[in-house]
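S.K.: Here it is: the structure, laid out below.
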2 protein chains.
Amino acid sequence: MAKSLDHLKELLGVVSDLGSAAAVLGWDQQTYMPPGGAGSRAMQLATLSRLAHTKFVSKELGEALELAKAEAEGMDPESDEFCLVRKTDRDYQKEVKVPSEWVGEFSRVTALAHQDWEKARAESNFSLFEPRLEKIVSLRREYASFFAPYDHVYDPLLDDFEPGMKAADVKSVFDTLRPRLIALVQAIAERGKPIDDAPLHQSFDEKKQWDFGVEVAKAIGYDFNRGRQDKAAHPFTTGFGTGDIRITTRFDPEFLNTALFGTMHEAGHAMYEQGVDPKLDRTPLATGTSLGMHESQSRMWENLVGRSKEFWSATFPRLQEFFPDQLGETDLGDFYRMINKVERSLIRVEADEATYDLHIMLRFELEISLMDGSLAVKDLPHAWNKKSEEFLGITPPDDADGVLQDIHWSGGMIGYFPTYSLGNLIAAQLWNKINDDIPELEKKIAKAEFGDLLAWLQKNIHRHGAKYEPLDLLKRATGQSLDAEPYLQYLERKFGEIYEL
Amino acid sequence: MAKSLDHLKELLGVVSDLGSAAAVLGWDQQTYMPPGGAGSRAMQLATLSRLAHTKFVSKELGEALELAKAEAEGMDPESDEFCLVRKTDRDYQKEVKVPSEWVGEFSRVTALAHQDWEKARAESNFSLFEPRLEKIVSLRREYASFFAPYDHVYDPLLDDFEPGMKAADVKSVFDTLRPRLIALVQAIAERGKPIDDAPLHQSFDEKKQWDFGVEVAKAIGYDFNRGRQDKAAHPFTTGFGTGDIRITTRFDPEFLNTALFGTMHEAGHAMYEQGVDPKLDRTPLATGTSLGMHESQSRMWENLVGRSKEFWSATFPRLQEFFPDQLGETDLGDFYRMINKVERSLIRVEADEATYDLHIMLRFELEISLMDGSLAVKDLPHAWNKKSEEFLGITPPDDADGVLQDIHWSGGMIGYFPTYSLGNLIAAQLWNKINDDIPELEKKIAKAEFGDLLAWLQKNIHRHGAKYEPLDLLKRATGQSLDAEPYLQYLERKFGEIYEL
């Protein structure tokens, strides 16, 4: 390889190592760290992220990047090298635009905001959080201004999570999605055949839940030689190189779904990272290309596979062996309906497939209004409750279960929520293409054969890492632009059948 | 605090954070990391240690240090600030003397040496390791030359592990120790009343071993809110700030001693680190002052407490509750004799109290001869076997159980071994002073009351961290210089009684 590129890769390798080290410390913090370690850990993480940032925006790296850009001209635009230079340049040009004073102030404010949000949620009192959120919105507007001109003030924020995507792209698909989802959920509530999911709410031994989850994760293709599972209060997937991608899961001793679908969800994320070409290790390309694309993988395994009839026709007998007392007498068809029960509920993270995106669209619309100034922070709880009634048909009884339920805004993450729904849309688009390419996919899943599916994902999505932006990768994989139709059709067909609409 | 000192502490804090991050990665590597993570982990650790080194020997830190030295003049020499500047200056002057080319070559050679040592040990063939050890000895001589003039070529090596101590200090105490230990072990072999320790070699459920070990560790004062225990193939203690000091233990399902005394040993190390004044966190003072002083703490809890009659008079009934089938019928006095059984054995890490230091002195003498050139590497196996016969009365049947048994030399660690014995000596010296200061200590231990003992150690040893060099700290705590007599008297009295000599 050319010399300047080598030098650039060396410098990026150091940044990557620092990021991986921080990720190990973060993993430990959420799994095994004793309480006494919290203070020092915060210092260690701050030092690592500051060093990684300093090294990334350093003059040395900037110069190496310029030389590498010259060298990359005329290279195959699909080559690792060309994509590396393009992606690095993109990240670099963004990161150097943000003054370090802003970074310092933002991290100071979000640290305080996190504390105040916790207190506000505990007391269900939005006003305790309001001044901080005011400041965060104002800092986020300032952040957007570093990237002016833009089409919409929301664009630079969204771009951090979904490179290349604009607020208008999201609005367009959400405008298709919203009315039909509202109609679907309403139809289920009014005319759907009721589902009793009591069997899922019994006592399930944690050790057995763990063992069954591991068996499922292995079966669908999560490689435990290059990963592991641990317990965490808020499940996540993390990695430190393609050879070490870890998942975490939480267990509810009285409800089967939490760990079961949580494990499949995280395994979906992890298989994406495990599938990245190891040649990309220690570069900015060695990760999923966006949060939305990532969510497409986790939701595909959790829902399109994990909540399908075919999956359980193969797997339910095994689940019954694990829990004969609880599920020995349960009918497979009934079980399938139970795990797909639709409810108008308050909490996003507990929402079913049919209502989930309504929670997301509610947040997206509020974020847009906050950012463009048409909604004041002080009016946010009222706006939240109004939209909740409009989208979900319910009004939260208090702020804790309403506007204060999510951690994201307290951490300054505005522009993150839509990626959850984009993941659902993309998953459905990929799913159609996969079923074209693998004609007998449903039959294979019904025999617990997941190899072809995973191989397709590895070939068309995973191995590319962050070489292509998400909409580009979607087009390469499916030939399509972002489109809500496949997802809507999937939901309407599935729940129409389940609820006999 | 003064301004230059503040700046110095800020820079040292970054170095400390990088070191702590590397320690977390090291802990993970030996406890939970999946096999696939090995390659990336090596890169991450190399990056962290290189950055920590670069930042420590940086011009900026050097200048801050000079200013801080000027500021520290006239300060109370027992103040944290004065000690910090002194210790930093000492470490800095050492580290800047070592050329980075040497560091690179040393890490290259030891990486290869480790591989060859593993192969050599597996095949029990020293000649496979010989060329690497030649190179290591030569690199270590070169290392010593950076610190010329010295009294003995071994001094600069020893100083890395035992600051301020010289080969002559060690020789002097070992010359007292060696003949009397040889005589003691010989007397036991020839005239001692035999001990049957078969009850220790039974099947012991690992979970129960774990629970009992945790109970003991808690009882003696290891704080699980600021630490935790995990399993590791080669047990160690590590820490990432005084609020997070972790131990690891291994379990032999067929032998009680391995985990039991291993846990007490590591808890001893960990309590030292947990006892360091938190004000010293993120500085070079926030750790034990030397390996020898550290070993004095681990061996004290493992042996002076853990293998004492008093400890088991309080604790044996509880152990019997854990293992009624195995130990329900065993007599307390017999149990005490079993856990103190003396055997002329080949392997250092399995050696009892009476023979342990003979293993160490053998290695120390060979290291001295290798370094001063009076012994060639090719003649090492022969010299090892000869000394083994001379010190322990046995000759290893092969290299694997002889000269190749320890990992240390393959990692370039020459000068490390004596610290194990120094720890035993120091422990006995401290023990005498502690018994003067706490007259009823034995009675307290017999009631499982360890609070006064730990408080004494915290006050006189732990809280000081690395403020004082080990011999200085020993003098402050006991009024004495390093002395083999207390340890010898302890061993002769204890084993004279057990073996009815």
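Just remember, in the structure tokens the first chain shown is A, the second B, etc., residues are 1-based per chain, and ligands are 1-based in the order shown.
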Considering only C-alpha atoms, extract the chain B residues located within 9 Å of chain A and return them as a PyMOL selection string.
M.R.: chain B and resi 13-14+16-18+20-22+24-25+28+32-41+43-45+47-48+224-228+240-245+281-282
S.K.: Just list the residues in range 100-260 of chain A DSSP gives helix (DSSP H, G or I) on the backbone, as a PyMOL selection string.
M.R.: chain A and resi 100-123+126-128+130-145+155-161+167-191+198-200+206-220+224-226+257-260
S.K.: Pick out the residues sitting within 7 Å of Leu346 in chain A, and hand them over as JSON, numbers by chain; count only C-alpha atoms, and ignore anything fewer than 4 positions along from it in its own chain.
M.R.: {"A": [396, 401, 402]}
S.K.: Could you turn the residues from that selection into a file that holds C-alpha atoms, as an mmCIF file, in the first residue's frame?
M.R.:
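Written file, result.cif:
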data_model
loop_
_atom_site.group_PDB
_atom_site.id
_atom_site.type_symbol
_atom_site.label_atom_id
_atom_site.label_comp_id
_atom_site.auth_asym_id
_atom_site.auth_seq_id
_atom_site.Cartn_x
_atom_site.Cartn_y
_atom_site.Cartn_z
ATOM 1 C CA PRO A 396 -49.445 9.727 30.321
ATOM 2 C CA ASP A 401 -44.006 7.921 32.257
ATOM 3 C CA GLY A 402 -44.243 10.625 29.620
#
S.K.: I'd like the contact shell of Glu60 in chain B - 12 Å cut-off, only C-alpha atoms, skipping same-chain residues fewer than 2 positions apart - returned as a list in words.
M.R.: Ser4, His7, Leu8, Glu10, Leu11, Leu12, Thr54, Lys55, Phe56, Val57, Ser58, Gly62, Glu63, Ala64, Leu65, Glu66 and Leu67 of chain B
S.K.: Please provide as JSON, numbers by chain all residues within 9 Å of Trp210 in chain B, with the sequence filter that same-chain residues fewer than 6 positions apart are discarded (counting only C-alpha atoms).
M.R.: {"B": [249, 251, 259, 260]}
S.K.: CA of Pro381 in chain B to CA of Phe126 in chain B: how many Å, to one decimal?
M.R.: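 Interatomic distance, CA of Pro381 in chain B to CA of Phe126 in chain B: 7.4 Å.
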S.K.: Near Glu81 in chain B, within 10 Å and counting only C-alpha atoms, which residues show up once chain neighbours fewer than 2 positions away are dropped, as number ranges by chain?
M.R.: B: 1-2, 5-6, 9, 68-69, 71-72, 75-79, 83-87, 280, 467
S.K.: Could you dump the residues just selected with N, CA and C atoms as a compact mmCIF listing (two decimals), in the first residue's frame?
M.R.:
# COMPACT_ATOMS: atom_id res chain seq x y z
N MET B 1 -3.16 24.60 46.78
CA MET B 1 -1.83 24.08 46.45
C MET B 1 -1.17 24.96 45.38
N ALA B 2 0.13 24.87 45.35
CA ALA B 2 0.88 25.74 44.43
C ALA B 2 0.60 25.38 42.97
N LEU B 5 2.79 22.65 40.99
CA LEU B 5 2.43 21.33 41.47
C LEU B 5 1.08 20.89 40.88
N ASP B 6 0.16 21.83 40.81
CA ASP B 6 -1.14 21.53 40.20
C ASP B 6 -0.96 21.07 38.76
N LYS B 9 0.49 17.63 38.67
CA LYS B 9 -0.50 16.61 39.04
C LYS B 9 -1.49 16.35 37.90
N ALA B 68 8.01 22.30 39.83
CA ALA B 68 7.43 21.76 41.06
C ALA B 68 8.52 21.46 42.08
N LYS B 69 9.69 21.04 41.59
CA LYS B 69 10.80 20.76 42.51
C LYS B 69 11.21 22.04 43.23
N GLU B 71 9.34 24.53 43.76
CA GLU B 71 8.25 24.88 44.67
C GLU B 71 8.25 24.02 45.93
N ALA B 72 8.69 22.77 45.79
CA ALA B 72 8.62 21.83 46.91
C ALA B 72 9.75 22.03 47.92
N MET B 75 9.39 22.41 51.75
CA MET B 75 8.13 21.82 52.24
C MET B 75 8.42 20.73 53.26
N ASP B 76 7.41 20.42 54.06
CA ASP B 76 7.50 19.30 54.99
C ASP B 76 7.81 18.02 54.21
N PRO B 77 8.94 17.37 54.51
CA PRO B 77 9.32 16.17 53.73
C PRO B 77 8.35 15.00 53.92
N GLU B 78 7.43 15.12 54.84
CA GLU B 78 6.43 14.06 54.99
C GLU B 78 5.11 14.44 54.32
N SER B 79 5.06 15.62 53.73
CA SER B 79 3.81 16.02 53.07
C SER B 79 3.61 15.23 51.78
N CYS B 83 6.57 14.38 48.87
CA CYS B 83 6.83 12.99 48.49
C CYS B 83 6.47 12.74 47.02
N LEU B 84 5.42 13.39 46.56
CA LEU B 84 5.03 13.22 45.17
C LEU B 84 6.12 13.73 44.23
N VAL B 85 6.64 14.90 44.54
CA VAL B 85 7.69 15.46 43.69
C VAL B 85 8.94 14.57 43.72
N ARG B 86 9.30 14.11 44.92
CA ARG B 86 10.49 13.26 45.05
C ARG B 86 10.33 11.96 44.25
N LYS B 87 9.19 11.31 44.44
CA LYS B 87 8.95 10.03 43.76
C LYS B 87 8.88 10.23 42.24
N LEU B 280 -4.21 10.36 47.31
CA LEU B 280 -3.06 10.10 46.42
C LEU B 280 -3.50 9.57 45.05
N LYS B 467 4.74 6.81 49.18
CA LYS B 467 5.41 8.03 49.65
C LYS B 467 6.84 7.77 50.10
S.K.: Might you pull out every residue within 8 Å of Phe391 in chain A, with only C-alpha atoms counted and same-chain residues fewer than 3 positions away left off, and present them as number ranges by chain?
M.R.: A: 182, 358-359, 362, 387-388
S.K.: So that I have them on file, write out the residues from the current selection with N, CA and C atoms, as a PDB file, in the first residue's frame.
M.R.:
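Result file is result24.pdb:
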ATOM      1  N   ILE A 182     -51.338   4.494  12.812  1.00  0.00           N
ATOM      2  CA  ILE A 182     -52.396   4.918  13.734  1.00  0.00           C
ATOM      3  C   ILE A 182     -53.678   4.138  13.438  1.00  0.00           C
ATOM      4  N   LEU A 358     -44.767   4.651  16.566  1.00  0.00           N
ATOM      5  CA  LEU A 358     -45.561   5.818  16.963  1.00  0.00           C
ATOM      6  C   LEU A 358     -44.856   6.560  18.097  1.00  0.00           C
ATOM      7  N   HIS A 359     -44.238   5.789  18.997  1.00  0.00           N
ATOM      8  CA  HIS A 359     -43.439   6.413  20.058  1.00  0.00           C
ATOM      9  C   HIS A 359     -42.289   7.223  19.458  1.00  0.00           C
ATOM     10  N   LEU A 362     -43.532  10.463  17.520  1.00  0.00           N
ATOM     11  CA  LEU A 362     -43.871  11.478  18.521  1.00  0.00           C
ATOM     12  C   LEU A 362     -42.600  12.266  18.907  1.00  0.00           C
ATOM     13  N   LYS A 387     -49.602  14.790  21.762  1.00  0.00           N
ATOM     14  CA  LYS A 387     -49.224  13.871  20.681  1.00  0.00           C
ATOM     15  C   LYS A 387     -49.439  12.423  21.092  1.00  0.00           C
ATOM     16  N   SER A 388     -49.227  12.125  22.335  1.00  0.00           N
ATOM     17  CA  SER A 388     -49.426  10.766  22.824  1.00  0.00           C
ATOM     18  C   SER A 388     -50.884  10.357  22.632  1.00  0.00           C
TER      19      SER A 388
END
S.K.: Could you pull out the residues in range 237-471 of chain A that DSSP calls strand (DSSP E or B) from the backbone, as a PDB file with C-alpha atoms, in the first residue's frame?
M.R.:
ATOM      1  CA  THR A 237     -23.751  -4.359  22.445  1.00  0.00           C
ATOM      2  CA  THR A 238     -20.149  -3.209  22.392  1.00  0.00           C
ATOM      3  CA  GLY A 239     -16.947  -4.212  20.668  1.00  0.00           C
ATOM      4  CA  ILE A 245     -17.996  -8.129  20.128  1.00  0.00           C
ATOM      5  CA  ARG A 246     -19.986  -8.522  23.325  1.00  0.00           C
ATOM      6  CA  ILE A 247     -23.660  -8.462  24.199  1.00  0.00           C
ATOM      7  CA  THR A 248     -25.433  -7.836  27.480  1.00  0.00           C
ATOM      8  CA  THR A 249     -28.890  -8.882  28.577  1.00  0.00           C
TER       9      THR A 249
END
